[in-house]
>>> print(open('coords39.tsv').read())   # TSV, C-alpha atoms and all ligand atoms
chain	number	residue	atom	x	y	z
A	1299	MET	CA	-53.98	-19.21	-44.14
A	1300	SER	CA	-56.88	-20.02	-41.79
A	1301	GLU	CA	-59.89	-17.75	-41.79
A	1302	THR	CA	-60.49	-15.09	-39.15
A	1303	HIS	CA	-63.44	-14.98	-36.73
A	1304	PRO	CA	-65.26	-12.05	-35.12
A	1305	ALA	CA	-64.73	-11.73	-31.37
A	1306	ARG	CA	-65.20	-9.28	-28.51
A	1307	VAL	CA	-62.45	-8.10	-26.16
A	1308	LEU	CA	-63.26	-8.80	-22.50
A	1309	SER	CA	-60.16	-7.72	-20.64
A	1310	ILE	CA	-56.56	-6.75	-21.31
A	1311	GLY	CA	-53.57	-8.31	-19.56
A	1312	LYS	CA	-49.86	-8.11	-20.13
A	1313	ASN	CA	-49.38	-8.75	-23.86
A	1314	VAL	CA	-52.57	-10.80	-23.93
A	1315	ALA	CA	-56.30	-10.19	-24.15
A	1316	TRP	CA	-59.23	-12.23	-22.98
A	1317	ILE	CA	-61.66	-12.46	-25.85
A	1318	VAL	CA	-64.84	-14.36	-26.61
A	1319	LEU	CA	-65.69	-15.48	-30.12
A	1320	ASP	CA	-69.09	-14.18	-31.24
A	1321	ALA	CA	-70.08	-17.77	-31.89
A	1322	GLU	CA	-68.90	-19.09	-28.51
A	1323	SER	CA	-69.56	-18.38	-24.85
A	1324	VAL	CA	-66.36	-19.48	-23.12
A	1325	PRO	CA	-63.58	-16.86	-23.02
A	1326	ARG	CA	-60.23	-17.60	-24.63
A	1327	LEU	CA	-56.86	-16.06	-23.96
A	1328	ALA	CA	-55.40	-14.50	-27.08
A	1329	THR	CA	-52.03	-13.07	-27.94
A	1330	LEU	CA	-51.72	-9.79	-29.75
A	1331	LYS	CA	-50.13	-9.51	-33.13
A	1332	ARG	CA	-47.28	-7.04	-33.10
A	1333	THR	CA	-48.80	-5.11	-35.95
A	1334	THR	CA	-52.08	-4.59	-34.08
A	1335	GLY	CA	-50.06	-2.15	-32.02
A	1336	PRO	CA	-49.30	-2.01	-28.31
A	1337	ARG	CA	-51.72	-3.72	-25.95
A	1338	SER	CA	-52.76	-0.34	-24.59
A	1339	MET	CA	-54.59	0.19	-27.86
A	1340	LEU	CA	-57.16	-2.51	-27.19
A	1341	ALA	CA	-59.96	-2.02	-24.69
A	1342	PRO	CA	-62.90	-4.00	-23.34
A	1343	GLY	CA	-65.74	-3.69	-25.82
A	1344	ASP	CA	-63.48	-3.71	-28.85
A	1345	ALA	CA	-64.63	-5.82	-31.78
A	1346	VAL	CA	-61.68	-7.74	-33.22
A	1347	ARG	CA	-60.99	-10.47	-35.74
A	1348	VAL	CA	-59.00	-13.40	-34.43
A	1349	ARG	CA	-57.22	-16.33	-36.00
A	1350	LEU	CA	-57.40	-19.78	-34.40
A	1351	LEU	CA	-53.99	-21.42	-34.46
A	1352	GLU	CA	-52.88	-24.95	-33.67
A	1353	GLU	CA	-52.96	-26.21	-30.07
A	1354	GLY	CA	-55.81	-23.87	-29.19
A	1355	ARG	CA	-53.75	-20.74	-29.52
A	1356	VAL	CA	-55.58	-17.57	-30.55
A	1357	LEU	CA	-54.14	-14.53	-32.25
A	1358	VAL	CA	-55.81	-11.12	-32.41
A	1359	GLU	CA	-55.45	-10.26	-36.06
A	1360	SER	CA	-57.15	-6.88	-36.42
A	1361	LEU	CA	-59.26	-4.27	-34.69
A	1362	GLU	CA	-62.63	-3.18	-36.11
A	1363	PRO	CA	-63.46	0.54	-36.17
A	1364	ARG	CA	-64.95	1.85	-32.91
A	1365	SER	CA	-68.28	3.60	-32.66
A	1366	PHE	CA	-67.32	5.15	-29.32
A	1367	SER	CA	-64.37	5.12	-26.98
A	1368	LEU	CA	-63.83	6.43	-23.49
A	1369	GLU	CA	-60.35	7.83	-22.99
A	1370	ARG	CA	-58.72	8.37	-19.66
A	1371	ARG	CA	-55.56	10.21	-18.74
A	1372	THR	CA	-53.05	7.92	-17.02
A	1373	ALA	CA	-50.77	8.98	-14.17
A	1374	GLY	CA	-47.98	9.33	-16.72
A	1375	GLY	CA	-50.05	11.83	-18.68
A	1376	ARG	CA	-50.73	9.48	-21.56
A	1377	SER	CA	-54.22	8.71	-22.76
A	1378	LYS	CA	-55.62	5.21	-22.38
A	1379	THR	CA	-58.81	3.79	-23.81
A	1380	MET	CA	-61.01	2.50	-21.00
A	1381	ALA	CA	-63.87	1.06	-23.00
A	1382	ALA	CA	-65.02	0.87	-26.59
A	1383	ASN	CA	-68.29	0.66	-28.50
A	1384	VAL	CA	-70.41	1.55	-25.51
A	1385	ASP	CA	-73.89	3.00	-26.14
A	1386	THR	CA	-74.97	3.49	-22.52
A	1387	LEU	CA	-73.18	5.08	-19.60
A	1388	VAL	CA	-74.43	3.66	-16.30
A	1389	THR	CA	-73.48	6.18	-13.64
A	1390	VAL	CA	-73.11	4.52	-10.24
A	1391	THR	CA	-73.48	6.89	-7.30
A	1392	SER	CA	-73.60	5.74	-3.68
A	1393	LEU	CA	-76.11	7.58	-1.51
A	1394	ALA	CA	-73.73	7.20	1.42
A	1395	ASN	CA	-70.27	5.79	2.18
A	1396	PRO	CA	-68.80	7.38	0.14
A	1397	PRO	CA	-71.25	10.32	0.08
A	1398	PRO	CA	-72.74	11.13	-3.32
A	1399	ARG	CA	-70.34	13.01	-5.57
A	1400	LEU	CA	-72.96	14.86	-7.54
A	1401	ALA	CA	-70.46	17.13	-9.29
A	1402	ILE	CA	-68.89	14.03	-10.85
A	1403	LEU	CA	-72.32	12.63	-11.68
A	1404	ASP	CA	-73.24	15.85	-13.48
A	1405	GLN	CA	-69.96	15.72	-15.39
A	1406	LEU	CA	-70.66	12.16	-16.50
A	1407	LEU	CA	-74.17	13.11	-17.57
A	1408	ALA	CA	-72.87	16.08	-19.56
A	1409	PHE	CA	-70.25	13.81	-21.13
A	1410	ALA	CA	-72.94	11.33	-22.22
A	1411	GLU	CA	-74.96	14.17	-23.76
A	1412	LEU	CA	-71.93	15.52	-25.63
A	1413	GLU	CA	-71.04	12.04	-26.89
A	1414	ALA	CA	-74.68	11.33	-27.77
A	1415	ILE	CA	-74.84	8.12	-25.76
A	1416	GLU	CA	-77.58	7.18	-23.30
A	1417	ALA	CA	-77.17	7.69	-19.58
A	1418	LEU	CA	-78.77	5.54	-16.92
A	1419	LEU	CA	-78.49	6.61	-13.29
A	1420	VAL	CA	-78.02	4.06	-10.53
A	1421	PHE	CA	-77.98	5.10	-6.88
A	1422	THR	CA	-76.57	2.44	-4.56
A	1423	LYS	CA	-76.65	1.94	-0.79
A	1424	PRO	CA	-80.27	3.07	-0.40
A	1425	ASP	CA	-80.25	1.15	2.89
A	1426	LEU	CA	-77.84	3.69	4.38
A	1427	VAL	CA	-80.00	6.82	3.98
A	1428	ARG	CA	-83.51	7.94	4.86
A	1429	GLY	CA	-86.14	7.09	2.26
A	1430	SER	CA	-87.05	10.75	1.80
A	1431	GLU	CA	-83.45	11.69	1.03
A	1432	ARG	CA	-83.19	8.99	-1.62
A	1433	ALA	CA	-86.57	9.85	-3.15
A	1434	GLU	CA	-85.66	13.53	-3.40
A	1435	LEU	CA	-82.41	12.86	-5.25
A	1436	LEU	CA	-83.94	10.37	-7.65
A	1437	ALA	CA	-86.84	12.71	-8.34
A	1438	SER	CA	-84.51	15.61	-9.11
A	1439	TYR	CA	-82.84	13.63	-11.91
A	1440	ALA	CA	-86.05	11.97	-13.08
A	1441	ALA	CA	-87.44	15.50	-13.56
A	1442	LEU	CA	-84.68	16.06	-16.14
A	1443	GLY	CA	-85.89	13.05	-18.09
A	1444	TYR	CA	-83.26	10.61	-16.86
A	1445	THR	CA	-84.03	7.08	-15.76
A	1446	ALA	CA	-82.86	6.87	-12.15
A	1447	LEU	CA	-82.91	3.63	-10.17
A	1448	ALA	CA	-82.15	2.86	-6.55
A	1449	VAL	CA	-80.28	-0.43	-6.41
A	1450	ASN	CA	-78.98	-2.39	-3.44
A	1451	PRO	CA	-76.82	-5.06	-5.05
A	1452	LYS	CA	-76.12	-6.73	-1.70
A	1453	ALA	CA	-79.78	-7.26	-0.82
A	1454	GLY	CA	-80.88	-7.60	-4.45
A	1455	ASP	CA	-83.30	-4.65	-4.39
A	1456	GLY	CA	-83.73	-2.99	-7.78
A	1457	VAL	CA	-81.46	-5.49	-9.53
A	1458	GLU	CA	-84.21	-6.88	-11.76
A	1459	ALA	CA	-85.34	-3.39	-12.79
A	1460	LEU	CA	-81.75	-2.63	-13.75
A	1461	ARG	CA	-81.43	-5.88	-15.67
A	1462	ILE	CA	-84.49	-4.95	-17.72
A	1463	SER	CA	-83.15	-1.45	-18.38
A	1464	LEU	CA	-79.86	-2.93	-19.62
A	1465	GLN	CA	-81.39	-5.38	-22.06
A	1466	GLY	CA	-79.78	-5.10	-25.48
A	1467	ARG	CA	-77.44	-2.35	-24.32
A	1468	LYS	CA	-73.69	-2.03	-24.53
A	1469	ALA	CA	-73.21	-0.52	-21.12
A	1470	LEU	CA	-70.34	0.78	-19.02
A	1471	LEU	CA	-70.51	1.06	-15.22
A	1472	CYS	CA	-68.87	4.32	-14.21
A	1473	GLY	CA	-68.41	6.02	-10.86
A	1474	VAL	CA	-66.03	6.72	-7.98
A	1475	SER	CA	-64.26	3.97	-6.07
A	1476	GLY	CA	-66.48	2.21	-3.56
A	1477	ALA	CA	-69.72	3.31	-5.22
A	1478	GLY	CA	-70.75	-0.30	-5.87
A	1479	LYS	CA	-69.95	-0.94	-9.55
A	1480	SER	CA	-68.47	-4.39	-9.01
A	1481	SER	CA	-71.28	-5.28	-6.60
A	1482	ILE	CA	-73.77	-4.50	-9.36
A	1483	PHE	CA	-71.73	-6.41	-11.92
A	1484	ARG	CA	-71.77	-9.38	-9.55
A	1485	ALA	CA	-75.47	-9.10	-8.67
A	1486	LEU	CA	-76.36	-9.17	-12.37
A	1487	GLY	CA	-74.30	-12.32	-12.87
A	1488	GLY	CA	-71.15	-10.95	-14.48
A	1489	GLU	CA	-68.64	-12.06	-11.90
A	1490	ALA	CA	-69.46	-15.74	-12.32
A	1491	VAL	CA	-68.62	-15.46	-16.00
A	1492	VAL	CA	-65.55	-13.24	-16.05
A	1493	GLY	CA	-64.28	-13.64	-12.48
A	1494	GLU	CA	-61.31	-15.70	-13.57
A	1495	LEU	CA	-60.19	-12.95	-15.93
A	1496	SER	CA	-58.99	-10.86	-13.03
A	1497	ARG	CA	-55.28	-11.51	-12.61
A	1498	PHE	CA	-54.85	-9.31	-9.55
A	1499	GLY	CA	-58.15	-10.05	-7.88
A	1500	LEU	CA	-57.20	-12.17	-4.90
A	1501	GLY	CA	-57.87	-10.42	-1.63
A	1502	ARG	CA	-58.45	-7.12	-3.32
A	1503	GLN	CA	-61.74	-5.32	-3.37
A	1504	THR	CA	-60.98	-2.47	-5.66
A	1505	THR	CA	-61.14	-3.02	-9.41
A	1506	THR	CA	-57.86	-2.45	-11.20
A	1507	ALA	CA	-58.76	-3.28	-14.79
A	1508	ALA	CA	-61.95	-2.98	-16.77
A	1509	ARG	CA	-63.63	-6.23	-17.80
A	1510	LEU	CA	-66.58	-7.02	-19.98
A	1511	TRP	CA	-69.38	-9.50	-19.51
A	1512	ARG	CA	-71.34	-10.41	-22.61
A	1513	MET	CA	-74.94	-10.53	-21.41
A	1514	PRO	CA	-77.69	-12.57	-23.07
A	1515	SER	CA	-78.15	-9.47	-25.21
A	1516	GLY	CA	-75.67	-6.61	-25.19
A	1517	PHE	CA	-72.77	-6.33	-22.76
A	1518	LEU	CA	-71.75	-4.76	-19.47
A	1519	ILE	CA	-68.31	-3.43	-18.52
A	1520	ASP	CA	-67.11	-3.05	-14.94
A	1521	SER	CA	-64.42	-0.41	-14.68
A	1522	PRO	CA	-62.01	0.92	-12.04
A	1523	GLY	CA	-63.25	3.85	-9.99
A	1524	ILE	CA	-62.69	7.33	-11.30
A	1525	ALA	CA	-61.12	9.90	-9.00
A	1526	GLU	CA	-61.65	12.87	-11.23
A	1527	PHE	CA	-63.44	13.09	-14.49
A	1528	GLY	CA	-62.37	15.71	-16.97
A	1529	LEU	CA	-64.50	16.70	-19.91
A	1530	GLY	CA	-61.59	18.34	-21.65
A	1531	SER	CA	-62.14	21.74	-23.17
A	1532	VAL	CA	-65.72	22.41	-24.01
A	1533	LEU	CA	-67.37	25.64	-25.12
A	1534	PRO	CA	-70.04	27.14	-22.85
A	1535	ARG	CA	-72.52	26.99	-25.71
A	1536	GLU	CA	-71.93	23.25	-26.18
A	1537	LEU	CA	-71.99	22.54	-22.47
A	1538	ALA	CA	-75.25	24.45	-21.98
A	1539	GLN	CA	-76.82	22.07	-24.51
A	1540	ALA	CA	-75.57	19.13	-22.44
A	1541	PHE	CA	-77.45	20.41	-19.40
A	1542	ARG	CA	-80.96	19.46	-20.50
A	1543	GLU	CA	-82.79	21.93	-18.28
A	1544	MET	CA	-80.80	24.88	-19.68
A	1545	ARG	CA	-81.79	24.34	-23.30
A	1546	GLU	CA	-85.24	25.93	-23.16
A	1547	PRO	CA	-84.46	28.87	-20.82
A	1548	GLY	CA	-81.23	29.50	-22.77
A	1549	LYS	CA	-83.25	30.50	-25.83
A	1550	ALA	CA	-84.54	33.58	-23.99
A	1551	CYS	CA	-81.16	35.07	-23.05
A	1552	ARG	CA	-80.57	38.62	-24.31
A	1553	PHE	CA	-77.40	37.61	-26.15
A	1554	GLY	CA	-77.42	34.73	-28.59
A	1555	ASP	CA	-73.95	33.66	-27.49
A	1556	CYS	CA	-74.69	33.98	-23.77
A	1557	THR	CA	-72.41	31.81	-21.64
A	1558	HIS	CA	-74.86	32.05	-18.71
A	1559	LEU	CA	-72.00	33.10	-16.45
A	1560	ARG	CA	-72.24	36.90	-16.05
A	1561	GLU	CA	-74.08	38.44	-18.99
A	1562	PRO	CA	-77.01	40.78	-18.29
A	1563	GLY	CA	-80.42	39.52	-19.34
A	1564	CYS	CA	-79.43	35.87	-18.85
A	1565	ALA	CA	-82.58	33.74	-18.75
A	1566	VAL	CA	-80.69	30.71	-17.44
A	1567	ARG	CA	-79.54	32.58	-14.34
A	1568	ALA	CA	-83.07	33.94	-13.93
A	1569	ALA	CA	-84.33	30.35	-14.00
A	1570	VAL	CA	-81.79	29.44	-11.30
A	1571	GLU	CA	-83.02	32.37	-9.18
A	1572	ASP	CA	-86.67	31.39	-9.38
A	1573	GLY	CA	-85.97	27.68	-8.84
A	1574	ARG	CA	-86.78	26.30	-12.30
A	1575	ILE	CA	-83.16	25.18	-12.57
A	1576	GLU	CA	-81.51	23.60	-9.52
A	1577	ARG	CA	-78.68	25.74	-8.22
A	1578	ARG	CA	-76.61	22.63	-7.62
A	1579	ARG	CA	-76.82	21.69	-11.32
A	1580	TYR	CA	-75.96	25.24	-12.35
A	1581	ASP	CA	-72.94	25.09	-10.03
A	1582	SER	CA	-71.87	21.88	-11.78
A	1583	TYR	CA	-72.12	23.70	-15.10
A	1584	ARG	CA	-69.86	26.49	-13.84
A	1585	ARG	CA	-67.42	24.06	-12.27
A	1586	ILE	CA	-66.98	22.18	-15.54
A	1587	LEU	CA	-66.18	25.48	-17.25
A	1588	GLY	CA	-63.62	26.15	-14.53
A	1589	ARG	CA	-65.65	29.12	-13.32
A	1590	ALA	CA	-66.92	27.81	-10.00
A	1591	ASP	CA	-65.49	30.80	-8.16
A	1592	ASP	CA	-66.99	33.46	-10.42
A	1593	GLY	CA	-69.78	35.88	-9.57
B	1601	LIG	N1	-74.88	-1.23	2.52
B	1601	LIG	C1	-74.64	-1.35	1.23
B	1601	LIG	N2	-73.38	-1.63	0.81
B	1601	LIG	C2	-73.15	-1.72	-0.50
B	1601	LIG	C3	-74.18	-1.55	-1.47
B	1601	LIG	N3	-73.63	-1.68	-2.69
B	1601	LIG	C4	-72.32	-1.94	-2.51
B	1601	LIG	N4	-72.01	-1.98	-1.19
B	1601	LIG	C5	-70.67	-2.21	-0.57
B	1601	LIG	O1	-69.81	-1.14	-0.95
B	1601	LIG	C6	-68.45	-1.60	-1.03
B	1601	LIG	C7	-67.81	-1.19	-2.34
B	1601	LIG	O2	-68.46	-1.85	-3.41
B	1601	LIG	P1	-67.74	-2.21	-4.79
B	1601	LIG	O3	-68.77	-2.89	-5.61
B	1601	LIG	O4	-66.46	-2.92	-4.57
B	1601	LIG	O5	-67.42	-0.75	-5.35
B	1601	LIG	P2	-66.74	-0.37	-6.74
B	1601	LIG	O6	-67.51	0.77	-7.29
B	1601	LIG	O7	-66.60	-1.56	-7.61
B	1601	LIG	O8	-65.30	0.17	-6.28
B	1601	LIG	P3	-63.92	0.23	-7.16
B	1601	LIG	O9	-63.71	-1.10	-7.79
B	1601	LIG	O10	-62.87	0.57	-6.15
B	1601	LIG	O11	-64.10	1.33	-8.16
B	1601	LIG	C8	-68.52	-3.12	-0.85
B	1601	LIG	O12	-68.14	-3.40	0.48
B	1601	LIG	C9	-69.98	-3.45	-1.08
B	1601	LIG	O13	-70.39	-4.58	-0.36
B	1601	LIG	C10	-75.51	-1.26	-1.00
B	1601	LIG	O14	-76.47	-1.05	-1.75
B	1601	LIG	N5	-75.66	-1.18	0.35
B	1602	MG	MG	-64.95	-2.41	-8.54
B	1603	ZN	ZN	-77.69	33.12	-20.49
>>> encode(input="coords39.tsv", output="structure tokens")
Amino acid sequence: MSETHPARVLSIGKNVAWIVLDAESVPRLATLKRTTGPRSMLAPGDAVRVRLLEEGRVLVESLEPRSFSLERRTAGGRSKTMAANVDTLVTVTSLANPPPRLAILDQLLAFAELEAIEALLVFTKPDLVRGSERAELLASYAALGYTALAVNPKAGDGVEALRISLQGRKALLCGVSGAGKSSIFRALGGEAVVGELSRFGLGRQTTTAARLWRMPSGFLIDSPGIAEFGLGSVLPRELAQAFREMREPGKACRFGDCTHLREPGCAVRAAVEDGRIERRRYDSYRRILGRADDG
């Protein structure tokens, strides 16, 4: 029996996976061992052990435990792993065309908080809005302690700042379709490396399968656009912790188990009233709890 080698999964195709050996830089196409389970079980970012067979064939032998995985509900109602072992969620939000979907951004940020991974905010298409509009939005998230960057991947603005922020990170680009994820992936240099991994790419703009680019340090995953993002069921108390600006005010609510929805003596709602918490963010909190129409 030949020995096995550590490798990283780049992209998943039909019954095959593109992988790169830790000790190499050129991707190889690998077949999946039946016992590793169905191909839907592997995801970009997975650490695997592979066996090198004769005639350059590669076999994925086993899957290493994941430190993190992002699941997504498929059209058929099944759950599919989108990405594995990520430590940073890069939210990509276009300032225009399509207009910013801030409710989805807030969901992604809450998700990152709940999963205890870092979030990095990228706002694309700064060239399509007034400077003041862009500055206001970035400032509102920077005030919460998030790193927020304006990036124009077409013109190259902000790309170097993003590259520096991504150093050593295992990052996933996440956002609605058309936000500019693939443009960023390309501007950073990913496309040149993994472009050939796309089996459906010709003539199509929209990304249909996630793919990973191993950067000089860390990695970056480009993923298909999300239409909706569900956090699943989450308790108000947990969610309130995931909204950074609610943590401090929340300590002063009259009831220790305050949901900040309708209770009297709620210090979070008081903070919304006097402008210490942005109403838009509070609305995102209620929407996630399915209570957007309340009170
Ligand atoms: N004007 C302008 N256009 C941009 C900018 N960033 C991206 N675009 C354009 O926006 C369009 C969509 O960009 P993509 O990178 O394909 O978006 P995506 O997020 O990968 O979309 P999906 O793969 O469908 O999820 C492309 O036509 C890009 O050229 C920007 O900063 N300014
Ligand atoms: Mg794309
Ligand atoms: Zn409260």
>>> closest_residue(input="coords39.tsv", among="A:Gly1443, A:Gly1429, A:Gly1523, A:Gly1488", to="ligand MG 1602 (chain B)", atoms="all atoms listed in the file")
A:Gly1523
>>> residues_near_ligand(input="coords39.tsv", ligand="ligand LIG 1601 (chain B)", cutoff="10 Å", atoms="all atoms listed in the file", output="PyMOL selection string")
chain A and resi 1390-1396+1421-1427+1448-1456+1471-1485+1502-1508+1520-1525
>>> atom_distance(input="coords39.tsv", atom1="CA of Ala1433 in chain A", atom2="CA of Ile1586 in chain A")
26.3 Å
>>> closest_residue(input="coords39.tsv", among="A:Cys1556, A:Ile1575, A:Leu1407, A:Val1384", to="Ala1540 in chain A", atoms="only C-alpha atoms")
A:Leu1407
>>> atom_distance(input="coords39.tsv", atom1="CA of Val1358 in chain A", atom2="CA of Lys1331 in chain A")
5.9 Å
>>> closest_residue(input="coords39.tsv", among="A:Val1566, A:Ile1519, A:Leu1435, A:Ala1538", to="ligand MG 1602 (chain B)", atoms="all atoms listed in the file")
A:Ile1519
>>> residues_around(input="coords39.tsv", residues="Leu1442 in chain A", least_positions_apart="2", cutoff="12 Å", atoms="all atoms listed in the file", output="list in words")
Asp1404, Leu1407, Ala1417, Leu1419, Leu1435, Leu1436, Ala1437, Ser1438, Tyr1439, Ala1440, Tyr1444, Thr1445, Ala1446, Ala1540, Phe1541, Arg1542, Glu1543, Met1544, Arg1545, Arg1574, Ile1575, Glu1576 and Arg1579 of chain A
>>> atom_distance(input="coords39.tsv", atom1="CA of Lys1468 in chain A", atom2="CA of Gly1354 in chain A")
28.6 Å
>>> closest_residue(input="coords39.tsv", among="A:Leu1350, A:Ala1315, A:Glu1489, A:Ser1430", to="ligand MG 1602 (chain B)", atoms="all atoms listed in the file")
A:Glu1489
>>> decode(input="coords39.tsv", residues="range 1415-1476 of chain A", atoms="C-alpha atoms", output="short mmCIF file (atom, residue, chain, number, x, y, z; two decimals), in the first residue's frame")
data_model
loop_
_atom_site.label_atom_id
_atom_site.label_comp_id
_atom_site.auth_asym_id
_atom_site.auth_seq_id
_atom_site.Cartn_x
_atom_site.Cartn_y
_atom_site.Cartn_z
CA ILE A 1415 -15.64 33.24 13.07
CA GLU A 1416 -14.33 36.61 11.92
CA ALA A 1417 -16.31 38.82 9.58
CA LEU A 1418 -14.79 41.22 7.09
CA LEU A 1419 -17.09 43.59 5.20
CA VAL A 1420 -16.47 44.45 1.58
CA PHE A 1421 -18.61 47.00 -0.23
CA THR A 1422 -18.26 46.87 -4.02
CA LYS A 1423 -19.23 49.24 -6.83
CA PRO A 1424 -18.21 52.39 -4.94
CA ASP A 1425 -18.00 54.06 -8.36
CA LEU A 1426 -21.79 53.83 -8.73
CA VAL A 1427 -22.78 55.85 -5.64
CA ARG A 1428 -22.00 59.24 -4.13
CA GLY A 1429 -18.95 59.30 -1.89
CA SER A 1430 -21.01 60.49 1.08
CA GLU A 1431 -23.42 57.58 0.76
CA ARG A 1432 -20.57 55.08 0.74
CA ALA A 1433 -18.78 56.76 3.65
CA GLU A 1434 -21.94 56.75 5.76
CA LEU A 1435 -22.55 53.04 5.29
CA LEU A 1436 -18.96 52.05 5.95
CA ALA A 1437 -18.85 54.26 9.03
CA SER A 1438 -22.02 52.71 10.43
CA TYR A 1439 -20.43 49.24 10.41
CA ALA A 1440 -16.98 50.46 11.43
CA ALA A 1441 -18.67 51.97 14.51
CA LEU A 1442 -19.67 48.42 15.50
CA GLY A 1443 -16.03 47.36 15.40
CA TYR A 1444 -16.12 45.68 12.00
CA THR A 1445 -13.46 46.16 9.36
CA ALA A 1446 -15.28 47.58 6.34
CA LEU A 1447 -13.56 48.16 3.01
CA ALA A 1448 -14.75 49.77 -0.21
CA VAL A 1449 -13.37 47.74 -3.10
CA ASN A 1450 -13.73 48.27 -6.83
CA PRO A 1451 -12.34 45.05 -8.29
CA LYS A 1452 -12.71 46.31 -11.86
CA ALA A 1453 -10.62 49.44 -11.32
CA GLY A 1454 -8.42 47.84 -8.67
CA ASP A 1455 -9.31 50.31 -5.90
CA GLY A 1456 -9.05 48.81 -2.42
CA VAL A 1457 -7.79 45.46 -3.70
CA GLU A 1458 -4.41 45.73 -1.99
CA ALA A 1459 -6.01 46.67 1.34
CA LEU A 1460 -8.22 43.61 1.03
CA ARG A 1461 -5.26 41.41 0.15
CA ILE A 1462 -3.50 42.53 3.33
CA SER A 1463 -6.61 41.91 5.43
CA LEU A 1464 -6.87 38.38 4.03
CA GLN A 1465 -3.30 37.38 4.74
CA GLY A 1466 -3.14 34.06 6.57
CA ARG A 1467 -6.91 33.71 6.58
CA LYS A 1468 -9.15 30.90 5.43
CA ALA A 1469 -11.79 33.08 3.90
CA LEU A 1470 -15.13 32.63 2.16
CA LEU A 1471 -16.65 35.26 -0.14
CA CYS A 1472 -20.36 35.44 0.57
CA GLY A 1473 -23.13 37.64 -0.80
CA VAL A 1474 -26.03 37.91 -3.23
CA SER A 1475 -25.66 37.22 -6.94
CA GLY A 1476 -24.04 40.07 -8.84
#
